[in-house]
Amino acid sequence: MKKAKLFEAIKRRMTDESDDKKGISSDYAKPLKALYDERRLLMETEVYKSKPLMLRKDHVYYSNWDMSLRIASIHEGVDAYDGGQVKEDSEEIQRDTFKKKGDIDNNYIKDSRGVITRRFAYVEKSYWQFMDFLATNNMEGRFQTFKRTTSESSERPKANVVGGNTGKKVSGNTNMEADLSPTQLGVLHQHYGSGGQQRGLSLSSSNKIGEIIGNTGESFRTDEGVRIKIDLAKVPEGDREPILLNHYSLGGIRNKIAEDSDIDEEEQGTNYGYEDSVTKTENFI
């Protein structure tokens, strides 16, 4: 089945109340993970197979009988971006901003782990969640809200503490006040975030209305809900500031989970499709 038709079939499952929605994350992520990288795509073209184009390391050359001309370069990771240590003039901007080479439309920042991340993020909320935000001027995870209401401290509750049996299960750490690693925090929020272990906001780099869905295939917003655009360049950096974790992009947590030894083995197994879950919505928190 072609990718476009597959996505349409998945959307139909999402809107069919009588249908079993198990496996939505896996089905949605499968064609996204099947997208080839630039080198693979180039090597499958007819012009490459017929030899006018050649790929040498990170450079593309056009060749004929008497010449070889470099016509393109392939950049990956941080090398694909310009802008480095340039901060904008606005006093509200708290982070360095980047541009991808050849891309004049999108801006990028680095998350708390140094992963290049789209500057603008989107979150969708129901009508009543948005009303709560207007009333409190605050939006945070349920875990922090519970800690705030049960503590006499005026400090912002930390998102990255073990904090309970579920945190202990993910990290294997019995010290409830111990800090979670970024990988542990990301997996804990993604797996158990629909309940009391929600540690932040699930954001997406996708600006399409209604496209951000949960693991059950349901939208995060209602018909009367809202989509909020967030400028991540205005998020301050520091030990007591909000934590930005990119799940999806190159170098994000989904690329780290298989090699990190600080995630409980059950959480790395097939019990929960973490990678599929974050792939379907280009997710970060």
# chains A, B, ... in the order shown; residues from 1 in each chain; ligands from 1
>>> residues_around(residues="Lys51 in chain A", least_positions_apart="2", cutoff="10 Å", atoms="only C-alpha atoms", output="list in words")
Glu46, Val47, Tyr48, Lys49, Leu53, Met54, Tyr62, Ser63 and Asn64 of chain A
>>> residues_around(residues="Arg118 in chain A", least_positions_apart="2", cutoff="7 Å", atoms="only C-alpha atoms", output="VMD selection string")
chain A and resid 107 to 109 120 to 121 205
>>> write_last_selection(atoms="C-alpha atoms", output="mmCIF file, in the first residue's frame")
data_model
loop_
_atom_site.group_PDB
_atom_site.id
_atom_site.type_symbol
_atom_site.label_atom_id
_atom_site.label_comp_id
_atom_site.auth_asym_id
_atom_site.auth_seq_id
_atom_site.Cartn_x
_atom_site.Cartn_y
_atom_site.Cartn_z
ATOM 1 C CA ASN A 107 14.644 28.285 12.445
ATOM 2 C CA TYR A 108 16.154 25.879 14.946
ATOM 3 C CA ILE A 109 17.454 25.838 18.523
ATOM 4 C CA PHE A 120 8.569 26.628 16.895
ATOM 5 C CA ALA A 121 6.582 23.893 18.588
ATOM 6 C CA SER A 205 7.071 20.258 15.316
#
>>> atom_distance(atom1="CA of Glu124 in chain A", atom2="CA of Gly141 in chain A")
14.2 Å
>>> residues_around(residues="Arg240 in chain A", least_positions_apart="3", cutoff="10 Å", atoms="only C-alpha atoms", output="compact mmCIF listing (two decimals) with N, CA and C atoms, in the first residue's frame")
# COMPACT_ATOMS: atom_id res chain seq x y z
N GLU A 155 9.00 26.86 45.49
CA GLU A 155 9.83 26.59 44.34
C GLU A 155 9.09 25.74 43.31
N ARG A 156 9.47 25.90 42.05
CA ARG A 156 8.88 25.08 40.99
C ARG A 156 9.26 23.61 41.21
N PRO A 157 8.29 22.70 41.23
CA PRO A 157 8.61 21.28 41.41
C PRO A 157 9.49 20.77 40.27
N LYS A 158 10.44 19.91 40.60
CA LYS A 158 11.32 19.34 39.58
C LYS A 158 10.58 18.27 38.80
N ALA A 159 10.81 18.25 37.49
CA ALA A 159 10.17 17.25 36.64
C ALA A 159 10.97 15.96 36.59
N PRO A 236 14.17 29.88 28.73
CA PRO A 236 15.50 30.09 29.32
C PRO A 236 16.22 28.77 29.59
N GLU A 237 17.54 28.84 29.66
CA GLU A 237 18.37 27.68 29.95
C GLU A 237 18.90 27.78 31.37
N ILE A 243 12.99 21.86 31.03
CA ILE A 243 13.83 20.90 30.31
C ILE A 243 13.21 20.64 28.95
>>> residues_around(residues="Val161 in chain A", least_positions_apart="3", cutoff="7 Å", atoms="only C-alpha atoms", output="list in words")
Lys158, Met176, Glu177, Ala178, Asp179 and Leu180 of chain A
>>> closest_residue(among="A:Asn173, A:Ser277, A:Asn255, A:Ser112", to="His191 in chain A", atoms="only C-alpha atoms")
A:Ser277
>>> residues_around(residues="range 90-103 of chain A", least_positions_apart="6", cutoff="6 Å", atoms="only C-alpha atoms", output="PyMOL selection string")
chain A and resi 80-83+109+233-234+236
>>> residues_around(residues="range 131-138 of chain A", least_positions_apart="3", cutoff="12 Å", atoms="only C-alpha atoms", output="PyMOL selection string")
chain A and resi 125-128+141-142+144-145+148+156+200-201+224-226+228
>>> atom_distance(atom1="CA of Pro52 in chain A", atom2="CA of Gly77 in chain A")
27.8 Å
>>> closest_residue(among="A:Asp223, A:Asp111, A:Ile209, A:Lys256", to="Gly238 in chain A", atoms="only C-alpha atoms")
A:Asp111
>>> select_by_dssp(residues="range 79-261 of chain A", states="alpha helix (DSSP H)", output="PyMOL selection string")
chain A and resi 127-136+142-149+165-171+182-192+253-256
>>> closest_residue(among="A:Gly196, A:Gly163, A:Gly186, A:Pro242", to="Ile257 in chain A", atoms="only C-alpha atoms")
A:Gly186
